[in-house]
file work-v7.json (JSON, C-alpha atoms and all ligand atoms)
[["chain", "number", "residue", "atom", "x", "y", "z"],
["A", 1, "MET", "CA", 130.67, 283.33, 45.27],
["A", 2, "PRO", "CA", 128.63, 280.69, 43.37],
["A", 3, "SER", "CA", 125.48, 279.43, 45.10],
["A", 4, "LYS", "CA", 125.36, 276.13, 47.02],
["A", 5, "LEU", "CA", 123.50, 274.47, 44.15],
["A", 6, "ILE", "CA", 126.16, 275.54, 41.65],
["A", 7, "ARG", "CA", 129.01, 274.45, 43.90],
["A", 8, "GLU", "CA", 127.50, 271.07, 44.73],
["A", 9, "TYR", "CA", 125.79, 270.00, 41.54],
["A", 10, "PHE", "CA", 127.42, 271.74, 38.58],
["A", 11, "ARG", "CA", 130.73, 271.47, 36.77],
["A", 12, "GLU", "CA", 131.86, 275.04, 37.17],
["A", 13, "ASP", "CA", 134.65, 274.51, 34.66],
["A", 14, "HIS", "CA", 131.98, 273.76, 31.99],
["A", 15, "LEU", "CA", 130.16, 277.05, 32.64],
["A", 16, "PRO", "CA", 128.99, 279.45, 31.28],
["A", 17, "HIS", "CA", 126.49, 277.36, 29.35],
["A", 18, "ILE", "CA", 125.81, 277.72, 25.64],
["A", 19, "TRP", "CA", 122.07, 278.47, 25.88],
["A", 20, "CYS", "CA", 120.73, 281.68, 24.33],
["A", 21, "PRO", "CA", 119.66, 284.57, 26.58],
["A", 22, "GLY", "CA", 116.07, 283.89, 27.68],
["A", 23, "CYS", "CA", 116.17, 280.14, 26.97],
["A", 24, "SER", "CA", 114.52, 278.32, 29.85],
["A", 25, "HIS", "CA", 116.32, 274.98, 29.55],
["A", 26, "GLY", "CA", 118.69, 276.14, 32.29],
["A", 27, "SER", "CA", 115.78, 276.95, 34.59],
["A", 28, "PHE", "CA", 114.61, 273.34, 34.45],
["A", 29, "MET", "CA", 118.17, 272.11, 34.93],
["A", 30, "ARG", "CA", 118.31, 274.21, 38.09],
["A", 31, "ALA", "CA", 114.89, 272.90, 39.18],
["A", 32, "THR", "CA", 116.24, 269.36, 38.78],
["A", 33, "ALA", "CA", 119.32, 270.15, 40.88],
["A", 34, "ALA", "CA", 117.04, 271.67, 43.54],
["A", 35, "ALA", "CA", 114.84, 268.54, 43.48],
["A", 36, "ILE", "CA", 117.91, 266.28, 43.88],
["A", 37, "ASP", "CA", 119.14, 268.51, 46.72],
["A", 38, "GLN", "CA", 115.78, 268.49, 48.52],
["A", 39, "LEU", "CA", 115.59, 264.70, 48.24],
["A", 40, "GLY", "CA", 119.12, 264.40, 49.64],
["A", 41, "LEU", "CA", 120.11, 261.86, 46.98],
["A", 42, "ASP", "CA", 123.55, 260.27, 47.15],
["A", 43, "HIS", "CA", 125.69, 262.01, 44.51],
["A", 44, "ASP", "CA", 127.30, 258.73, 43.53],
["A", 45, "LYS", "CA", 123.96, 257.03, 42.91],
["A", 46, "VAL", "CA", 122.64, 259.62, 40.44],
["A", 47, "VAL", "CA", 123.22, 259.16, 36.71],
["A", 48, "ILE", "CA", 122.19, 261.85, 34.25],
["A", 49, "VAL", "CA", 121.64, 260.72, 30.66],
["A", 50, "SER", "CA", 120.79, 262.90, 27.68],
["A", 51, "GLY", "CA", 120.27, 262.65, 23.94],
["A", 52, "ILE", "CA", 121.26, 265.40, 21.51],
["A", 53, "GLY", "CA", 119.86, 268.92, 21.30],
["A", 54, "CYS", "CA", 120.10, 272.17, 23.25],
["A", 55, "SER", "CA", 118.11, 270.47, 26.04],
["A", 56, "SER", "CA", 120.50, 267.55, 26.13],
["A", 57, "ARG", "CA", 123.44, 269.83, 26.93],
["A", 58, "ALA", "CA", 122.25, 269.72, 30.55],
["A", 59, "ALA", "CA", 124.05, 266.41, 31.11],
["A", 60, "GLY", "CA", 127.39, 268.10, 30.43],
["A", 61, "TYR", "CA", 126.87, 270.79, 33.05],
["A", 62, "MET", "CA", 125.71, 268.64, 35.95],
["A", 63, "ASP", "CA", 128.32, 267.14, 38.25],
["A", 64, "PHE", "CA", 127.17, 263.52, 38.49],
["A", 65, "SER", "CA", 127.96, 260.43, 36.48],
["A", 66, "THR", "CA", 126.68, 261.66, 33.13],
["A", 67, "VAL", "CA", 126.26, 260.27, 29.63],
["A", 68, "HIS", "CA", 125.60, 262.52, 26.63],
["A", 69, "THR", "CA", 124.42, 259.96, 24.09],
["A", 70, "THR", "CA", 123.03, 260.07, 20.54],
["A", 71, "HIS", "CA", 119.94, 261.76, 19.12],
["A", 72, "GLY", "CA", 116.76, 260.01, 20.27],
["A", 73, "ARG", "CA", 118.51, 257.24, 22.14],
["A", 74, "ALA", "CA", 118.78, 258.64, 25.67],
["A", 75, "LEU", "CA", 116.06, 256.36, 27.01],
["A", 76, "ALA", "CA", 117.69, 253.31, 25.43],
["A", 77, "PHE", "CA", 121.03, 254.10, 27.12],
["A", 78, "ALA", "CA", 119.21, 254.90, 30.37],
["A", 79, "THR", "CA", 117.38, 251.57, 30.19],
["A", 80, "GLY", "CA", 120.70, 249.73, 29.90],
["A", 81, "ILE", "CA", 122.14, 251.62, 32.88],
["A", 82, "LYS", "CA", 119.09, 250.97, 35.06],
["A", 83, "MET", "CA", 119.01, 247.28, 34.10],
["A", 84, "ALA", "CA", 122.71, 246.91, 34.94],
["A", 85, "ASN", "CA", 122.32, 248.57, 38.33],
["A", 86, "PRO", "CA", 118.75, 249.14, 39.55],
["A", 87, "GLU", "CA", 120.11, 250.93, 42.65],
["A", 88, "LEU", "CA", 120.96, 253.95, 40.53],
["A", 89, "GLU", "CA", 118.68, 256.97, 40.20],
["A", 90, "VAL", "CA", 118.63, 257.44, 36.45],
["A", 91, "ILE", "CA", 117.47, 260.85, 35.22],
["A", 92, "VAL", "CA", 117.14, 261.66, 31.53],
["A", 93, "PHE", "CA", 117.20, 265.12, 29.94],
["A", 94, "THR", "CA", 115.70, 265.13, 26.48],
["A", 95, "GLY", "CA", 113.95, 267.49, 24.06],
["A", 96, "ASP", "CA", 110.59, 267.23, 22.33],
["A", 97, "GLY", "CA", 112.34, 266.31, 19.07],
["A", 98, "ASP", "CA", 114.74, 263.92, 20.77],
["A", 99, "VAL", "CA", 112.07, 262.04, 22.71],
["A", 100, "SER", "CA", 108.97, 262.18, 20.53],
["A", 101, "ALA", "CA", 110.31, 262.22, 16.94],
["A", 102, "ILE", "CA", 113.50, 260.16, 16.41],
["A", 103, "GLY", "CA", 113.20, 258.71, 19.94],
["A", 104, "GLY", "CA", 109.43, 258.15, 19.96],
["A", 105, "ASN", "CA", 109.71, 254.39, 19.82],
["A", 106, "HIS", "CA", 112.06, 254.27, 22.81],
["A", 107, "LEU", "CA", 109.67, 256.52, 24.69],
["A", 108, "ILE", "CA", 106.60, 254.34, 24.28],
["A", 109, "HIS", "CA", 108.50, 251.20, 25.22],
["A", 110, "ALA", "CA", 110.08, 252.75, 28.32],
["A", 111, "CYS", "CA", 106.54, 253.75, 29.35],
["A", 112, "ARG", "CA", 105.16, 250.30, 28.54],
["A", 113, "ARG", "CA", 107.84, 248.57, 30.61],
["A", 114, "ASN", "CA", 107.43, 250.99, 33.50],
["A", 115, "ILE", "CA", 111.17, 251.03, 34.10],
["A", 116, "GLY", "CA", 112.29, 253.21, 37.02],
["A", 117, "ILE", "CA", 113.71, 256.14, 35.07],
["A", 118, "THR", "CA", 112.75, 259.82, 35.35],
["A", 119, "ALA", "CA", 112.46, 261.58, 31.98],
["A", 120, "ILE", "CA", 112.63, 265.36, 32.05],
["A", 121, "VAL", "CA", 111.42, 266.53, 28.67],
["A", 122, "LEU", "CA", 112.49, 270.10, 27.90],
["A", 123, "ASN", "CA", 109.65, 270.73, 25.49],
["A", 124, "ASN", "CA", 110.09, 274.00, 23.58],
["A", 125, "ASN", "CA", 107.85, 273.05, 20.62],
["A", 126, "ILE", "CA", 110.70, 273.15, 18.10],
["A", 127, "TYR", "CA", 114.13, 271.80, 17.16],
["A", 128, "GLY", "CA", 116.28, 274.48, 18.74],
["A", 129, "MET", "CA", 119.79, 273.22, 18.16],
["A", 130, "THR", "CA", 119.45, 272.69, 14.43],
["A", 131, "GLY", "CA", 117.78, 276.00, 13.64],
["A", 132, "GLY", "CA", 114.04, 275.87, 14.23],
["A", 133, "GLN", "CA", 112.60, 272.92, 12.30],
["A", 134, "TYR", "CA", 109.08, 272.01, 13.47],
["A", 135, "SER", "CA", 108.79, 269.11, 15.91],
["A", 136, "PRO", "CA", 105.97, 266.74, 16.95],
["A", 137, "THR", "CA", 104.91, 269.30, 19.59],
["A", 138, "THR", "CA", 104.81, 272.35, 17.30],
["A", 139, "PRO", "CA", 101.14, 273.36, 17.46],
["A", 140, "THR", "CA", 99.14, 272.93, 14.25],
["A", 141, "GLY", "CA", 99.28, 276.08, 12.15],
["A", 142, "GLU", "CA", 102.47, 277.42, 13.71],
["A", 143, "TYR", "CA", 105.75, 278.02, 11.94],
["A", 144, "GLY", "CA", 109.22, 276.54, 11.75],
["A", 145, "THR", "CA", 112.01, 276.68, 9.18],
["A", 146, "THR", "CA", 110.58, 273.47, 7.69],
["A", 147, "ALA", "CA", 106.99, 274.74, 7.96],
["A", 148, "PRO", "CA", 107.23, 278.18, 6.33],
["A", 149, "TYR", "CA", 103.50, 278.11, 5.44],
["A", 150, "GLY", "CA", 102.37, 276.70, 8.79],
["A", 151, "ASN", "CA", 102.54, 273.20, 10.24],
["A", 152, "ILE", "CA", 99.67, 270.95, 9.10],
["A", 153, "ASP", "CA", 100.49, 268.08, 11.51],
["A", 154, "ARG", "CA", 98.59, 267.54, 14.73],
["A", 155, "ASP", "CA", 100.81, 268.05, 17.77],
["A", 156, "PHE", "CA", 101.51, 265.46, 20.45],
["A", 157, "ASP", "CA", 100.63, 266.04, 24.09],
["A", 158, "ILE", "CA", 103.72, 264.32, 25.52],
["A", 159, "ALA", "CA", 102.37, 263.83, 29.05],
["A", 160, "GLU", "CA", 99.15, 262.24, 27.73],
["A", 161, "LEU", "CA", 101.15, 260.15, 25.27],
["A", 162, "ALA", "CA", 103.32, 258.83, 28.11],
["A", 163, "LYS", "CA", 100.29, 258.13, 30.27],
["A", 164, "CYS", "CA", 98.52, 256.22, 27.49],
["A", 165, "ALA", "CA", 101.69, 254.22, 26.71],
["A", 166, "GLY", "CA", 101.89, 253.03, 30.35],
["A", 167, "ALA", "CA", 104.01, 255.56, 32.25],
["A", 168, "THR", "CA", 102.90, 255.39, 35.87],
["A", 169, "TYR", "CA", 103.71, 259.06, 36.54],
["A", 170, "ALA", "CA", 103.15, 261.81, 34.00],
["A", 171, "ALA", "CA", 103.16, 265.51, 34.85],
["A", 172, "ARG", "CA", 103.45, 268.92, 33.23],
["A", 173, "ALA", "CA", 105.13, 272.12, 34.40],
["A", 174, "THR", "CA", 105.89, 275.50, 32.86],
["A", 175, "ALA", "CA", 109.07, 277.55, 32.90],
["A", 176, "TYR", "CA", 106.98, 280.34, 34.43],
["A", 177, "ASP", "CA", 106.31, 278.33, 37.60],
["A", 178, "LEU", "CA", 109.56, 276.72, 38.66],
["A", 179, "ASN", "CA", 108.41, 275.94, 42.19],
["A", 180, "THR", "CA", 105.79, 273.64, 40.72],
["A", 181, "ALA", "CA", 108.37, 272.26, 38.29],
["A", 182, "THR", "CA", 110.72, 271.41, 41.18],
["A", 183, "ARG", "CA", 107.92, 269.74, 43.12],
["A", 184, "LEU", "CA", 106.81, 267.66, 40.14],
["A", 185, "ILE", "CA", 110.39, 266.63, 39.28],
["A", 186, "LYS", "CA", 110.89, 265.64, 42.91],
["A", 187, "GLN", "CA", 107.74, 263.52, 42.86],
["A", 188, "GLY", "CA", 108.84, 262.00, 39.56],
["A", 189, "ILE", "CA", 112.21, 260.98, 40.99],
["A", 190, "GLU", "CA", 110.56, 259.53, 44.10],
["A", 191, "HIS", "CA", 107.99, 257.64, 42.06],
["A", 192, "LYS", "CA", 108.66, 253.93, 41.54],
["A", 193, "GLY", "CA", 108.37, 253.19, 37.84],
["A", 194, "PHE", "CA", 108.66, 255.29, 34.71],
["A", 195, "SER", "CA", 107.99, 258.95, 35.29],
["A", 196, "LEU", "CA", 107.91, 261.76, 32.77],
["A", 197, "ILE", "CA", 107.71, 265.48, 33.40],
["A", 198, "ASP", "CA", 106.71, 267.48, 30.33],
["A", 199, "CYS", "CA", 108.58, 270.73, 31.08],
["A", 200, "LEU", "CA", 107.25, 273.48, 28.84],
["A", 201, "SER", "CA", 110.41, 275.36, 28.00],
["A", 202, "ILE", "CA", 110.74, 278.50, 25.90],
["A", 203, "CYS", "CA", 112.96, 279.01, 22.87],
["A", 204, "PRO", "CA", 112.83, 282.74, 22.11],
["A", 205, "SER", "CA", 115.48, 282.39, 19.40],
["A", 206, "TYR", "CA", 113.51, 280.09, 17.08],
["A", 207, "TYR", "CA", 110.01, 279.16, 18.23],
["A", 208, "GLY", "CA", 109.40, 282.60, 19.68],
["A", 209, "ARG", "CA", 110.83, 284.50, 16.73],
["A", 210, "LYS", "CA", 109.24, 282.32, 14.01],
["A", 211, "ASN", "CA", 105.84, 282.61, 15.66],
["A", 212, "LYS", "CA", 106.02, 286.25, 16.76],
["A", 213, "LYS", "CA", 105.62, 285.35, 20.43],
["A", 214, "GLY", "CA", 107.65, 288.30, 21.67],
["A", 215, "ASP", "CA", 110.68, 288.20, 23.91],
["A", 216, "ALA", "CA", 111.38, 285.72, 26.71],
["A", 217, "VAL", "CA", 109.44, 287.74, 29.29],
["A", 218, "ARG", "CA", 106.39, 287.89, 27.02],
["A", 219, "MET", "CA", 106.63, 284.12, 26.41],
["A", 220, "LEU", "CA", 106.72, 283.43, 30.15],
["A", 221, "GLU", "CA", 103.79, 285.79, 30.70],
["A", 222, "TRP", "CA", 101.89, 283.85, 28.03],
["A", 223, "GLN", "CA", 102.50, 280.64, 29.97],
["A", 224, "ARG", "CA", 101.31, 282.34, 33.17],
["A", 225, "ASP", "CA", 98.12, 283.58, 31.49],
["A", 226, "HIS", "CA", 97.24, 280.28, 29.82],
["A", 227, "SER", "CA", 98.01, 277.73, 32.56],
["A", 228, "VAL", "CA", 95.37, 275.99, 34.64],
["A", 229, "SER", "CA", 96.02, 273.35, 37.27],
["A", 230, "VAL", "CA", 94.72, 269.81, 36.84],
["A", 231, "GLN", "CA", 92.38, 270.44, 39.77],
["A", 232, "LYS", "CA", 90.90, 273.57, 38.22],
["A", 233, "ALA", "CA", 90.72, 271.95, 34.78],
["A", 234, "ALA", "CA", 88.55, 269.16, 36.21],
["A", 235, "ASN", "CA", 85.70, 271.67, 36.60],
["A", 236, "MET", "CA", 86.10, 273.34, 33.20],
["A", 237, "THR", "CA", 84.33, 272.54, 29.93],
["A", 238, "PRO", "CA", 86.26, 271.47, 26.79],
["A", 239, "GLU", "CA", 85.47, 274.91, 25.33],
["A", 240, "GLU", "CA", 86.91, 276.67, 28.38],
["A", 241, "LEU", "CA", 90.02, 274.49, 28.17],
["A", 242, "GLU", "CA", 90.66, 275.32, 24.51],
["A", 243, "GLY", "CA", 94.17, 276.81, 24.21],
["A", 244, "LYS", "CA", 94.98, 276.23, 27.88],
["A", 245, "ILE", "CA", 98.02, 274.45, 29.35],
["A", 246, "ILE", "CA", 97.07, 271.92, 32.02],
["A", 247, "THR", "CA", 99.75, 271.71, 34.70],
["A", 248, "GLY", "CA", 100.32, 269.28, 37.56],
["A", 249, "VAL", "CA", 100.10, 265.52, 37.79],
["A", 250, "ILE", "CA", 98.36, 264.27, 34.64],
["A", 251, "GLY", "CA", 98.43, 260.61, 35.64],
["A", 252, "GLU", "CA", 99.80, 258.53, 38.50],
["A", 253, "TYR", "CA", 99.23, 254.93, 39.57],
["A", 254, "GLU", "CA", 101.09, 251.91, 40.88],
["A", 255, "TYR", "CA", 102.30, 249.03, 38.72],
["A", 256, "PRO", "CA", 105.29, 246.68, 39.19],
["A", 257, "GLU", "CA", 108.59, 248.30, 38.20],
["A", 258, "TYR", "CA", 110.50, 246.58, 35.39],
["A", 259, "THR", "CA", 113.88, 245.88, 37.02],
["A", 260, "GLU", "CA", 112.09, 244.33, 40.00],
["A", 261, "LYS", "CA", 110.15, 242.04, 37.68],
["A", 262, "TYR", "CA", 113.39, 241.20, 35.89],
["A", 263, "GLN", "CA", 114.98, 240.28, 39.22],
["A", 264, "THR", "CA", 112.34, 237.54, 39.65],
["A", 265, "ILE", "CA", 113.60, 235.99, 36.39],
["A", 266, "ILE", "CA", 117.21, 236.22, 37.60],
["A", 267, "ASP", "CA", 116.19, 234.53, 40.85],
["A", 268, "LYS", "CA", 114.37, 231.73, 38.98],
["A", 269, "VAL", "CA", 117.38, 231.09, 36.76],
["A", 270, "ARG", "CA", 119.73, 231.04, 39.75],
["A", 271, "LYS", "CA", 117.54, 228.50, 41.55],
["A", 272, "GLY", "CA", 117.71, 226.35, 38.41],
["B", 301, "LIG", "C1", 120.71, 260.78, 14.01],
["B", 301, "LIG", "C2", 120.70, 262.28, 14.06],
["B", 301, "LIG", "N1", 119.79, 262.94, 13.33],
["B", 301, "LIG", "C3", 119.73, 264.29, 13.39],
["B", 301, "LIG", "C4", 120.61, 264.98, 14.17],
["B", 301, "LIG", "C5", 120.58, 266.48, 14.17],
["B", 301, "LIG", "N2", 119.96, 267.02, 15.36],
["B", 301, "LIG", "C6", 120.70, 267.39, 16.42],
["B", 301, "LIG", "S1", 119.80, 268.08, 17.64],
["B", 301, "LIG", "C7", 118.37, 267.90, 16.73],
["B", 301, "LIG", "C8", 117.05, 268.40, 17.22],
["B", 301, "LIG", "C9", 116.97, 268.66, 18.66],
["B", 301, "LIG", "O1", 115.69, 269.12, 18.98],
["B", 301, "LIG", "P1", 115.04, 268.87, 20.39],
["B", 301, "LIG", "O2", 115.23, 267.47, 20.80],
["B", 301, "LIG", "O3", 113.63, 269.34, 20.33],
["B", 301, "LIG", "O4", 115.93, 269.74, 21.37],
["B", 301, "LIG", "P2", 116.20, 271.32, 21.48],
["B", 301, "LIG", "O5", 117.45, 271.57, 20.68],
["B", 301, "LIG", "O6", 115.02, 272.05, 20.95],
["B", 301, "LIG", "O7", 116.39, 271.53, 22.93],
["B", 301, "LIG", "C10", 118.63, 267.28, 15.51],
["B", 301, "LIG", "C11", 117.61, 267.00, 14.49],
["B", 301, "LIG", "C12", 121.56, 264.26, 14.92],
["B", 301, "LIG", "N3", 122.42, 264.86, 15.74],
["B", 301, "LIG", "N4", 121.57, 262.91, 14.85],
["B", 302, "LIG", "S1", 118.14, 277.78, 20.16],
["B", 302, "LIG", "FE1", 116.33, 277.82, 21.48],
["B", 302, "LIG", "S2", 116.46, 275.95, 22.69],
["B", 302, "LIG", "FE2", 118.50, 276.32, 21.82],
["B", 302, "LIG", "S3", 119.60, 277.48, 23.40],
["B", 302, "LIG", "FE3", 118.68, 278.96, 21.99],
["B", 302, "LIG", "S4", 116.71, 279.49, 22.94],
["B", 302, "LIG", "FE4", 117.42, 277.58, 23.88]]
call {"tool": "encode", "arguments": {"input": "work-v7.json", "output": "structure tokens"}}
result
Amino acid sequence: MPSKLIREYFREDHLPHIWCPGCSHGSFMRATAAAIDQLGLDHDKVVIVSGIGCSSRAAGYMDFSTVHTTHGRALAFATGIKMANPELEVIVFTGDGDVSAIGGNHLIHACRRNIGITAIVLNNNIYGMTGGQYSPTTPTGEYGTTAPYGNIDRDFDIAELAKCAGATYAARATAYDLNTATRLIKQGIEHKGFSLIDCLSICPSYYGRKNKKGDAVRMLEWQRDHSVSVQKAANMTPEELEGKIITGVIGEYEYPEYTEKYQTIIDKVRKG
């Protein structure tokens, strides 16, 4: 008998999913369903939007109004949906390549506008779907099919990037700690304004294999051993933080939400 979460929030006829054994994209999809369940959101008011990539397959499995769009454009579609009906809870699934390479421009402008969308970035440090090309979050020196001698680019910190571009909620979670991931996704959905949760996912098939990270269990153990909470990090030196993953709420503040500001223009026009 499928669990309550599966019965209520997933399209059972679309399962089993296509993800590789050990891939953690599904874990974050489940964490998102749990967050929606805990918040008691109205099914008919939730819209799930995704781009293209292994991560973006999540939109096809979840039983809400869903839109599986084009590579890099999930936030643009989501912006249109939110503008058309601000009552909707618009949740975006995207990958590190989808959101910070081809979709990087849409990301910074969604942050800048502070539009009330929740972006769940399934960040596995590589392009999984197309065979392991390096992405903007592949750490410097690591390998991908397009970086056979090691990546010379500096990598983006997506949560910090979002914060600096104006997102009013930016957080980071690991696949190792899904309770924290669920809590942060929940807070992101509740937050008024643009929220982004940088979900550190694992891709054992490409990133793990190319970089000799071991199997899925070893990759999760690595996350466990290298994570520090924001609170703990505040008392650590830059040297102590070298190579560590900082988890928790990276930035949060209040600023007027975009569709509410837009409503003031609509009201002005209507008054004439
Ligand atoms: C315009 C366009 N360019 C390139 C592609 C090929 N493509 C599909 S998925 C993908 C990368 C996905 O990587 P990421 O967003 O990191 O997601 P992951 O598969 O790792 O979850 C690319 C380059 C495409 N579908 N459309
Ligand atoms: S290729 Fe990587 S990201 Fe894609 S399903 Fe497999 S493990 Fe997951």
call {"tool": "atom_distance", "arguments": {"input": "work-v7.json", "atom1": "CA of Lys186 (chain A)", "atom2": "CA of Trp19 (chain A)"}}
result
24.1 Å
call {"tool": "closest_atom_pairs", "arguments": {"input": "work-v7.json", "of": "chain A", "to": "ligand LIG 302 (chain B)", "cutoff": "12 Å", "atoms": "only C-alpha atoms and all ligand atoms", "output": "JSON lines"}}
result
{"residue": "A:His17", "atom": "CA", "partner": "B:LIG302", "partner_atom": "S3", "distance": 9.1}
{"residue": "A:Ile18", "atom": "CA", "partner": "B:LIG302", "partner_atom": "S3", "distance": 6.6}
{"residue": "A:Trp19", "atom": "CA", "partner": "B:LIG302", "partner_atom": "S3", "distance": 3.6}
{"residue": "A:Cys20", "atom": "CA", "partner": "B:LIG302", "partner_atom": "FE3", "distance": 4.1}
{"residue": "A:Pro21", "atom": "CA", "partner": "B:LIG302", "partner_atom": "S4", "distance": 6.9}
{"residue": "A:Gly22", "atom": "CA", "partner": "B:LIG302", "partner_atom": "S4", "distance": 6.5}
{"residue": "A:Cys23", "atom": "CA", "partner": "B:LIG302", "partner_atom": "S4", "distance": 4.1}
{"residue": "A:Ser24", "atom": "CA", "partner": "B:LIG302", "partner_atom": "FE4", "distance": 6.7}
{"residue": "A:His25", "atom": "CA", "partner": "B:LIG302", "partner_atom": "FE4", "distance": 6.3}
{"residue": "A:Gly26", "atom": "CA", "partner": "B:LIG302", "partner_atom": "FE4", "distance": 8.6}
{"residue": "A:Ser27", "atom": "CA", "partner": "B:LIG302", "partner_atom": "FE4", "distance": 10.9}
{"residue": "A:Phe28", "atom": "CA", "partner": "B:LIG302", "partner_atom": "FE4", "distance": 11.7}
{"residue": "A:Ile52", "atom": "CA", "partner": "B:LIG302", "partner_atom": "FE2", "distance": 11.3}
{"residue": "A:Gly53", "atom": "CA", "partner": "B:LIG302", "partner_atom": "FE2", "distance": 7.5}
{"residue": "A:Cys54", "atom": "CA", "partner": "B:LIG302", "partner_atom": "FE2", "distance": 4.7}
{"residue": "A:Ser55", "atom": "CA", "partner": "B:LIG302", "partner_atom": "S2", "distance": 6.6}
{"residue": "A:Ser56", "atom": "CA", "partner": "B:LIG302", "partner_atom": "S2", "distance": 9.9}
{"residue": "A:Arg57", "atom": "CA", "partner": "B:LIG302", "partner_atom": "S3", "distance": 9.3}
{"residue": "A:Ala58", "atom": "CA", "partner": "B:LIG302", "partner_atom": "S3", "distance": 10.9}
{"residue": "A:Thr94", "atom": "CA", "partner": "B:LIG302", "partner_atom": "S2", "distance": 11.5}
{"residue": "A:Gly95", "atom": "CA", "partner": "B:LIG302", "partner_atom": "S2", "distance": 8.9}
{"residue": "A:Asp96", "atom": "CA", "partner": "B:LIG302", "partner_atom": "S2", "distance": 10.5}
{"residue": "A:Gly97", "atom": "CA", "partner": "B:LIG302", "partner_atom": "S2", "distance": 11.1}
{"residue": "A:Leu122", "atom": "CA", "partner": "B:LIG302", "partner_atom": "S2", "distance": 8.8}
{"residue": "A:Asn123", "atom": "CA", "partner": "B:LIG302", "partner_atom": "S2", "distance": 9.0}
{"residue": "A:Asn124", "atom": "CA", "partner": "B:LIG302", "partner_atom": "S2", "distance": 6.7}
{"residue": "A:Asn125", "atom": "CA", "partner": "B:LIG302", "partner_atom": "S2", "distance": 9.3}
{"residue": "A:Ile126", "atom": "CA", "partner": "B:LIG302", "partner_atom": "S2", "distance": 7.9}
{"residue": "A:Tyr127", "atom": "CA", "partner": "B:LIG302", "partner_atom": "S2", "distance": 7.3}
{"residue": "A:Gly128", "atom": "CA", "partner": "B:LIG302", "partner_atom": "S1", "distance": 4.0}
{"residue": "A:Met129", "atom": "CA", "partner": "B:LIG302", "partner_atom": "FE2", "distance": 5.0}
{"residue": "A:Thr130", "atom": "CA", "partner": "B:LIG302", "partner_atom": "S1", "distance": 7.8}
{"residue": "A:Gly131", "atom": "CA", "partner": "B:LIG302", "partner_atom": "S1", "distance": 6.8}
{"residue": "A:Gly132", "atom": "CA", "partner": "B:LIG302", "partner_atom": "S1", "distance": 7.5}
{"residue": "A:Gln133", "atom": "CA", "partner": "B:LIG302", "partner_atom": "S1", "distance": 10.8}
{"residue": "A:Leu200", "atom": "CA", "partner": "B:LIG302", "partner_atom": "S2", "distance": 11.3}
{"residue": "A:Ser201", "atom": "CA", "partner": "B:LIG302", "partner_atom": "S2", "distance": 8.1}
{"residue": "A:Ile202", "atom": "CA", "partner": "B:LIG302", "partner_atom": "S4", "distance": 6.7}
{"residue": "A:Cys203", "atom": "CA", "partner": "B:LIG302", "partner_atom": "S4", "distance": 3.8}
{"residue": "A:Pro204", "atom": "CA", "partner": "B:LIG302", "partner_atom": "S4", "distance": 5.1}
{"residue": "A:Ser205", "atom": "CA", "partner": "B:LIG302", "partner_atom": "S4", "distance": 4.7}
{"residue": "A:Tyr206", "atom": "CA", "partner": "B:LIG302", "partner_atom": "FE1", "distance": 5.7}
{"residue": "A:Tyr207", "atom": "CA", "partner": "B:LIG302", "partner_atom": "FE1", "distance": 7.2}
{"residue": "A:Gly208", "atom": "CA", "partner": "B:LIG302", "partner_atom": "S4", "distance": 8.6}
{"residue": "A:Arg209", "atom": "CA", "partner": "B:LIG302", "partner_atom": "FE1", "distance": 9.9}
{"residue": "A:Lys210", "atom": "CA", "partner": "B:LIG302", "partner_atom": "FE1", "distance": 11.2}
{"residue": "A:Asp215", "atom": "CA", "partner": "B:LIG302", "partner_atom": "S4", "distance": 10.6}
{"residue": "A:Ala216", "atom": "CA", "partner": "B:LIG302", "partner_atom": "S4", "distance": 9.0}
{"residue": "A:Met219", "atom": "CA", "partner": "B:LIG302", "partner_atom": "S4", "distance": 11.6}
call {"tool": "residues_around", "arguments": {"input": "work-v7.json", "residues": "Tyr61 (chain A)", "least_positions_apart": "4", "cutoff": "10 Å", "atoms": "only C-alpha atoms", "output": "PyMOL selection string"}}
result
chain A and resi 6+9-17+26+29+56-57+66
call {"tool": "residues_around", "arguments": {"input": "work-v7.json", "residues": "Glu8 (chain A)", "least_positions_apart": "2", "cutoff": "10 Å", "atoms": "all atoms listed in the file", "output": "JSON, numbers by chain"}}
result
{"A": [2, 3, 4, 5, 6, 10, 11, 12, 33, 37, 43, 62, 63, 64]}
call {"tool": "atom_distance", "arguments": {"input": "work-v7.json", "atom1": "CA of Ile115 (chain A)", "atom2": "CA of Ala167 (chain A)"}}
result
8.7 Å
call {"tool": "residues_around", "arguments": {"input": "work-v7.json", "residues": "Pro256 (chain A)", "least_positions_apart": "3", "cutoff": "8 Å", "atoms": "all atoms listed in the file", "output": "PyMOL selection string"}}
result
chain A and resi 114+193+260-261
call {"tool": "residues_around", "arguments": {"input": "work-v7.json", "residues": "Val249 (chain A)", "least_positions_apart": "6", "cutoff": "7 Å", "atoms": "all atoms listed in the file", "output": "list in words"}}
result
Ala170, Ala171, Arg172 and Val230 of chain A
call {"tool": "atom_distance", "arguments": {"input": "work-v7.json", "atom1": "CA of Leu88 (chain A)", "atom2": "CA of Gly166 (chain A)"}}
result
21.6 Å
call {"tool": "residues_around", "arguments": {"input": "work-v7.json", "residues": "Val92 (chain A)", "least_positions_apart": "5", "cutoff": "8 Å", "atoms": "only C-alpha atoms", "output": "list in words"}}
result
Ile48, Val49, Ser50, Ala74, Leu75, Ala78, Ile117, Thr118, Ala119 and Ile120 of chain A
call {"tool": "closest_residue", "arguments": {"input": "work-v7.json", "among": "A:Ile250, A:Ile102, A:Ile265, A:Ile185", "to": "ligand LIG 301 (chain B)", "atoms": "all atoms listed in the file"}}
result
A:Ile102
call {"tool": "closest_residue", "arguments": {"input": "work-v7.json", "among": "A:Val99, A:Leu161, A:Cys111, A:Met236", "to": "ligand LIG 301 (chain B)", "atoms": "only C-alpha atoms and all ligand atoms"}}
result
A:Val99
